[in-house]
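Participant: Provided herewith is a single structure, encoded as structure tokens, for subsequent inquiry.
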Amino acid sequence: MARISQETIEQVKAVSILELAQQLGDHPKRLGKSYQVNCPNQSHTEKTPDTYIDPNRNIFTCFGAGGCGAKGNNSIPYYSWHEFGGYEPGEHFIKSVRGIADLMGIPVKTVDGNIISKGSETYKPREIKRYVELEAQSPEIVDRVYRVFLSLCPIRPHHSQEWLQERKYTKEQIEIMQLRSVPSNQEWIRIYELMHSKGYPFERIPGFAQQFIPEFMEHPFPKALVEQDNERKGIWHYAPSASEGYFIPVRDEYGRIIRLRVRKDKGKPKYVWFSSQHNLEVEEHLLKLRKNGVTSGAPVNVVVPASFMKHWKPGTHITDVFRVDTVLSTEGEHKSYISANKLEIPIWGAPGVGNFKDMIPMIQSWGVKKFIIAYDMDTLQKVDDSVKSAKTQQTLFDTLTIFAKEVIKLGIDVYLWSWNLKDGKGLDDLLLQNKLPLEVNLRTGERKLVNLSELQNR
């Protein structure tokens with residue numbers, strides 16, 4: 001078979017992933033600066049679309065059920081995952097180049113100049129409007145703004161009841177963690193007015209962005225809190241991206257509150273990031289205009305027991321003030337806080353099973369000797385006997401296996417915690433019943449019940 005020319009390959013690579021997804025009928029839905037689609041891997045079943053296309057960087061990544069491995073930085077792997085359920089360059093590269101060229105009307109030429117497929121004389125890749133991605137303020141500034149903001153937010157009775165009765169936090173722990181309810185519009189105006197008068201910035205703080213209000217619409221914001229826009233004939237005002245629910249602070253290894261997670265009162269998904277955007281370059285609808293907002297990302301939550309957290313000065317690295325030879329990784333913010341309080345060891349709360357890459361550098365730099373993985377039991381056990389449950393569980397388990405192998409490569413002892421699914425899905429459910437899991441040494445296969453005194457080196 002004649003070799004396809006580099007010219008054709010480059011034309012195919014120049015096709016934006018977003019445009020290809022549209023042509024393949026994947027119906028991308030804009031979500032902030034990215035677009036959300038169902039995984040191009042047709043065999044990967046998802047409850048919700050969990051693959052994200054970033055048109056600005058022309059990349060796509062699947063995060064569904066821990067991630068099935070579908071990702072890439074040009075149109076060729078996207079097409080390959082879509083049509084062949086994977087991407088092996090030796091097997092799928094040429095087939096994908098031909099497939100994209102035929103779909104998009106690109107002429108296919110050989111290295112000697114012959115035309116295999118004429119293509120379309122009128123085809124021109126559609127110009128995709130690009131987001132301008134702003135950089136978030138430094139962790140120090142974000143921490144200062146969030147701490148003051150949270151201190152001024154209310155605590156609603158039904159949230160307090162959940163924290164005290166369901167999560168079993170004490171009132172002191174709630175204050176130390178800075179759990180707070182999302183303010184109403186009127187509460188927000190009072191908070192903003194006070195913080196603005198003291199010079200706290202909201203520009204490029206995740207979760208806050210300026211919204212545009214045309215001059216013909218009424219608004220409750222004092223003149224001192226708005227920015228006039230004569231060109232668009234209206235005003236800009238800052239507002240939080242959340243409207244109901246409560247905030248859970250997410251901390252880094254320096255004890256700084258770097259992001260906020262929102263637990264919504266209703267609707268799905270229950271947990272969302274407090275995140276914002278800047279869309280002036282791409283948005284045409286006046287009421288949807290946003291500026292000076294930034295995305296939150298999905299960082300790992302670094303947690304120590306609340307009894308110690310109250311003495312942890314932001315900016316001080318955890319290794320300078322707390323024992324970190326044993327670290328446990330679980331999934332979710334509440335699980336990490338509850339587990340740290342119960343076990344009295346450092347806990348990493350990952351935003352998802354597949355989000356483990358950020359942990360590897362910390363494992364190395366902290367000097368961790370014992371690393372424990374304690375993810376939800378539906379990762380290891382099927383929830384029911386359905387085919388869908390089996391596939392989901394297998395995907396989660398495969399991702400967990402990859403994670404464990406990466407840590408073992410570092411020469412570190414890795415342990416897997418397991419318990420009966422009937423005792424609760426998450427580690428927090430188990431610990432709140434004053435029960436302990438079974439510990440499996442993944443290097444030796446040894447199994448034993450967790451001993452708290454031994455875990456804490458007492």
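Chain labels A, B, ... are given in the sequence in which chains occur in the structure tokens; within each chain residues are numbered consecutively from 1, and ligands are likewise numbered from 1 in the order shown.
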May I have all residues of stretch 28-181 of chain A that DSSP, computed from the backbone, assigns to alpha helix (DSSP H), given as a ChimeraX atom specification?
Facilitator: /A:75-84,89-104,139-152,157-161,171-177
Participant: As a list of chain:residue names, please: the residues near A:Ser75 (cut-off 10 Å, only C-alpha atoms, same-chain neighbours under 5 positions excluded).
Facilitator: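 That gives A:Val12, A:Lys13, A:Ala14, A:Val15, A:Ser16, A:Ile17, A:Leu18, A:Glu19, A:Leu20, A:Ala21, A:Asn58, A:Ile59, A:Phe60, A:Ser80, A:Ser96, A:Val97, A:Ile100.
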Participant: Next, dump the selected residues to file, keeping only N, CA, C and O atoms, as a PDB file, in the first residue's frame.
Facilitator:
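This went into part.pdb:
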```pdb
ATOM      1  N   VAL A  12      -4.980  16.280   8.592  1.00  0.00           N
ATOM      2  CA  VAL A  12      -5.877  15.516   9.463  1.00  0.00           C
ATOM      3  C   VAL A  12      -5.652  15.902  10.922  1.00  0.00           C
ATOM      4  O   VAL A  12      -6.594  16.116  11.687  1.00  0.00           O
ATOM      5  N   LYS A  13      -4.389  16.016  11.333  1.00  0.00           N
ATOM      6  CA  LYS A  13      -4.085  16.406  12.710  1.00  0.00           C
ATOM      7  C   LYS A  13      -4.599  17.807  13.036  1.00  0.00           C
ATOM      8  O   LYS A  13      -4.897  18.126  14.182  1.00  0.00           O
ATOM      9  N   ALA A  14      -4.701  18.662  12.000  1.00  0.00           N
ATOM     10  CA  ALA A  14      -5.158  20.042  12.194  1.00  0.00           C
ATOM     11  C   ALA A  14      -6.656  20.126  12.456  1.00  0.00           C
ATOM     12  O   ALA A  14      -7.160  21.157  12.902  1.00  0.00           O
ATOM     13  N   VAL A  15      -7.388  19.048  12.177  1.00  0.00           N
ATOM     14  CA  VAL A  15      -8.827  19.032  12.463  1.00  0.00           C
ATOM     15  C   VAL A  15      -9.014  19.078  13.978  1.00  0.00           C
ATOM     16  O   VAL A  15      -8.431  18.277  14.710  1.00  0.00           O
ATOM     17  N   SER A  16      -9.785  20.018  14.462  1.00  0.00           N
ATOM     18  CA  SER A  16      -9.976  20.131  15.914  1.00  0.00           C
ATOM     19  C   SER A  16     -10.788  18.941  16.417  1.00  0.00           C
ATOM     20  O   SER A  16     -11.698  18.446  15.740  1.00  0.00           O
ATOM     21  N   ILE A  17     -10.446  18.488  17.627  1.00  0.00           N
ATOM     22  CA  ILE A  17     -11.176  17.378  18.234  1.00  0.00           C
ATOM     23  C   ILE A  17     -12.642  17.743  18.417  1.00  0.00           C
ATOM     24  O   ILE A  17     -13.535  16.917  18.228  1.00  0.00           O
ATOM     25  N   LEU A  18     -12.901  19.002  18.766  1.00  0.00           N
ATOM     26  CA  LEU A  18     -14.274  19.455  18.960  1.00  0.00           C
ATOM     27  C   LEU A  18     -15.075  19.323  17.674  1.00  0.00           C
ATOM     28  O   LEU A  18     -16.195  18.808  17.668  1.00  0.00           O
ATOM     29  N   GLU A  19     -14.490  19.761  16.564  1.00  0.00           N
ATOM     30  CA  GLU A  19     -15.205  19.664  15.287  1.00  0.00           C
ATOM     31  C   GLU A  19     -15.408  18.209  14.890  1.00  0.00           C
ATOM     32  O   GLU A  19     -16.476  17.837  14.386  1.00  0.00           O
ATOM     33  N   LEU A  20     -14.407  17.370  15.132  1.00  0.00           N
ATOM     34  CA  LEU A  20     -14.537  15.949  14.802  1.00  0.00           C
ATOM     35  C   LEU A  20     -15.652  15.311  15.614  1.00  0.00           C
ATOM     36  O   LEU A  20     -16.462  14.535  15.085  1.00  0.00           O
ATOM     37  N   ALA A  21     -15.702  15.635  16.910  1.00  0.00           N
ATOM     38  CA  ALA A  21     -16.752  15.083  17.776  1.00  0.00           C
ATOM     39  C   ALA A  21     -18.134  15.490  17.277  1.00  0.00           C
ATOM     40  O   ALA A  21     -19.087  14.699  17.299  1.00  0.00           O
ATOM     41  N   ASN A  58      -6.683  21.604  22.446  1.00  0.00           N
ATOM     42  CA  ASN A  58      -7.003  20.513  21.521  1.00  0.00           C
ATOM     43  C   ASN A  58      -6.619  19.162  22.119  1.00  0.00           C
ATOM     44  O   ASN A  58      -5.881  18.372  21.528  1.00  0.00           O
ATOM     45  N   ILE A  59      -7.175  18.880  23.310  1.00  0.00           N
ATOM     46  CA  ILE A  59      -6.948  17.605  23.967  1.00  0.00           C
ATOM     47  C   ILE A  59      -8.297  17.064  24.445  1.00  0.00           C
ATOM     48  O   ILE A  59      -9.270  17.803  24.589  1.00  0.00           O
ATOM     49  N   PHE A  60      -8.346  15.756  24.688  1.00  0.00           N
ATOM     50  CA  PHE A  60      -9.531  15.157  25.293  1.00  0.00           C
ATOM     51  C   PHE A  60      -9.084  14.114  26.306  1.00  0.00           C
ATOM     52  O   PHE A  60      -8.037  13.477  26.155  1.00  0.00           O
ATOM     53  N   SER A  80      -9.883   7.067  16.660  1.00  0.00           N
ATOM     54  CA  SER A  80      -9.547   5.666  16.888  1.00  0.00           C
ATOM     55  C   SER A  80     -10.322   5.090  18.068  1.00  0.00           C
ATOM     56  O   SER A  80     -10.869   3.987  17.984  1.00  0.00           O
ATOM     57  N   SER A  96      -7.272   5.512  10.956  1.00  0.00           N
ATOM     58  CA  SER A  96      -7.878   6.726  11.505  1.00  0.00           C
ATOM     59  C   SER A  96      -7.647   7.926  10.600  1.00  0.00           C
ATOM     60  O   SER A  96      -8.543   8.752  10.415  1.00  0.00           O
ATOM     61  N   VAL A  97      -6.442   8.042  10.038  1.00  0.00           N
ATOM     62  CA  VAL A  97      -6.165   9.134   9.098  1.00  0.00           C
ATOM     63  C   VAL A  97      -7.114   9.066   7.914  1.00  0.00           C
ATOM     64  O   VAL A  97      -7.713  10.077   7.518  1.00  0.00           O
ATOM     65  N   ILE A 100     -10.799   9.932   9.119  1.00  0.00           N
ATOM     66  CA  ILE A 100     -11.018  11.364   9.357  1.00  0.00           C
ATOM     67  C   ILE A 100     -11.036  12.126   8.039  1.00  0.00           C
ATOM     68  O   ILE A 100     -11.872  13.012   7.819  1.00  0.00           O
TER      69      ILE A 100
END
```
Participant: Which residues are close to stretch 288-291 of chain A, i.e. within 8 Å by only C-alpha atoms, leaving aside same-chain residues fewer than 4 positions away? Reply as number ranges by chain.
Facilitator: A: 209-212, 277-280, 283-284
Participant: Nearest to A:Trp366 among A:Gln178, A:Ser117, A:Thr319, A:Ser339, with distances taken over only C-alpha atoms: which residue is it?
Facilitator: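 The shortest atom-to-atom distance to A:Trp366 comes from A:Thr319.
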Participant: Smallest atom-to-atom distance to A:Ser365: which of A:Glu135, A:Glu446, A:Asp325, A:Glu172, using only C-alpha atoms?
Facilitator: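 For A:Ser365, the nearest of the given residues is A:Asp325.
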Participant: If you run DSSP over the backbone, which residues in stretch 130-369 of chain A end up strand (DSSP E)? Put them as a PyMOL selection string.
Facilitator: chain A and resi 180-181+208-214+227-229+234-240+246-251+257-263+271-273+290-291+301-303+326-331+347-350
Participant: In Å to one decimal, how far is atom CA of A:Asn292 from atom CA of A:Ile248?
Facilitator: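 Going from atom CA of A:Ile248 over to atom CA of A:Asn292 covers 22.9 Å.
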Participant: Please report as CSV every residue of stretch 318-337 of chain A lying within 12 Å of stretch 258-270 of chain A, along with the nearest atom pair and their distance in Å (one decimal), using only C-alpha atoms.
Facilitator:
```
residue,atom,partner,partner_atom,distance
A:Gly332,CA,A:Arg261,CA,9.8
A:Glu333,CA,A:Arg261,CA,8.0
A:His334,CA,A:Arg263,CA,10.0
```
Participant: Could you write those residues out with N, CA, C and O atoms, as a compact mmCIF listing (two decimals), in the first residue's frame?
Facilitator:
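selection_12.txt, freshly written:
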```txt
# COMPACT_ATOMS: atom_id res chain seq x y z
N GLY A 332 -12.86 11.50 47.97
CA GLY A 332 -13.87 12.42 48.45
C GLY A 332 -13.43 13.24 49.65
O GLY A 332 -12.54 12.85 50.41
N GLU A 333 -14.08 14.39 49.82
CA GLU A 333 -13.70 15.34 50.86
C GLU A 333 -14.17 14.92 52.24
O GLU A 333 -13.39 14.91 53.20
N HIS A 334 -15.45 14.56 52.37
CA HIS A 334 -15.94 14.14 53.68
C HIS A 334 -15.19 12.90 54.17
O HIS A 334 -14.83 12.79 55.35
```
Participant: Find the distance between atom CA of A:Lys95 and atom CA of A:Arg30 and write it in Å to one decimal.
Facilitator: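 Distance between the two atoms: 29.2 Å.
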Participant: With only C-alpha atoms as the atoms that count, which of A:Pro346, A:Pro154, A:Gly255, A:Pro305 lies nearest to A:Tyr169?
Facilitator: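 Smallest distance to A:Tyr169 is found for A:Pro305.
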Participant: Kindly indicate which residue among A:Ile372, A:Val250, A:Ala306, A:Ile191 lies nearest to A:Gln173, using only C-alpha atoms for the distances.
Facilitator: A:Ala306
Participant: List the spatial neighbours of A:Phe403 as a list of chain:residue names - criterion: any atom at most 10 Å away, only C-alpha atoms, same-chain residues fewer than 3 positions off excluded.
Facilitator: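 Once the nearby chain positions are removed, what remains is A:Val353, A:Gly354, A:Asn355, A:Phe356, A:Lys357, A:Met359, A:Ile360, A:Ile373, A:Phe397, A:Asp398, A:Thr399, A:Leu400, A:Glu406, A:Val407, A:Ile408.
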Participant: Quick one: of A:His27, A:Met217, A:Glu244, A:Gly99, who's nearest to A:His159, counting only C-alpha atoms?
Facilitator: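 The shortest atom-to-atom distance to A:His159 comes from A:Glu244.
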Participant: As an exercise, work out the distance from atom CA of A:Leu24 to atom CA of A:Met104 in Å and give it to one decimal place.
Facilitator: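 Distance reported for this atom pair: 10.1 Å.
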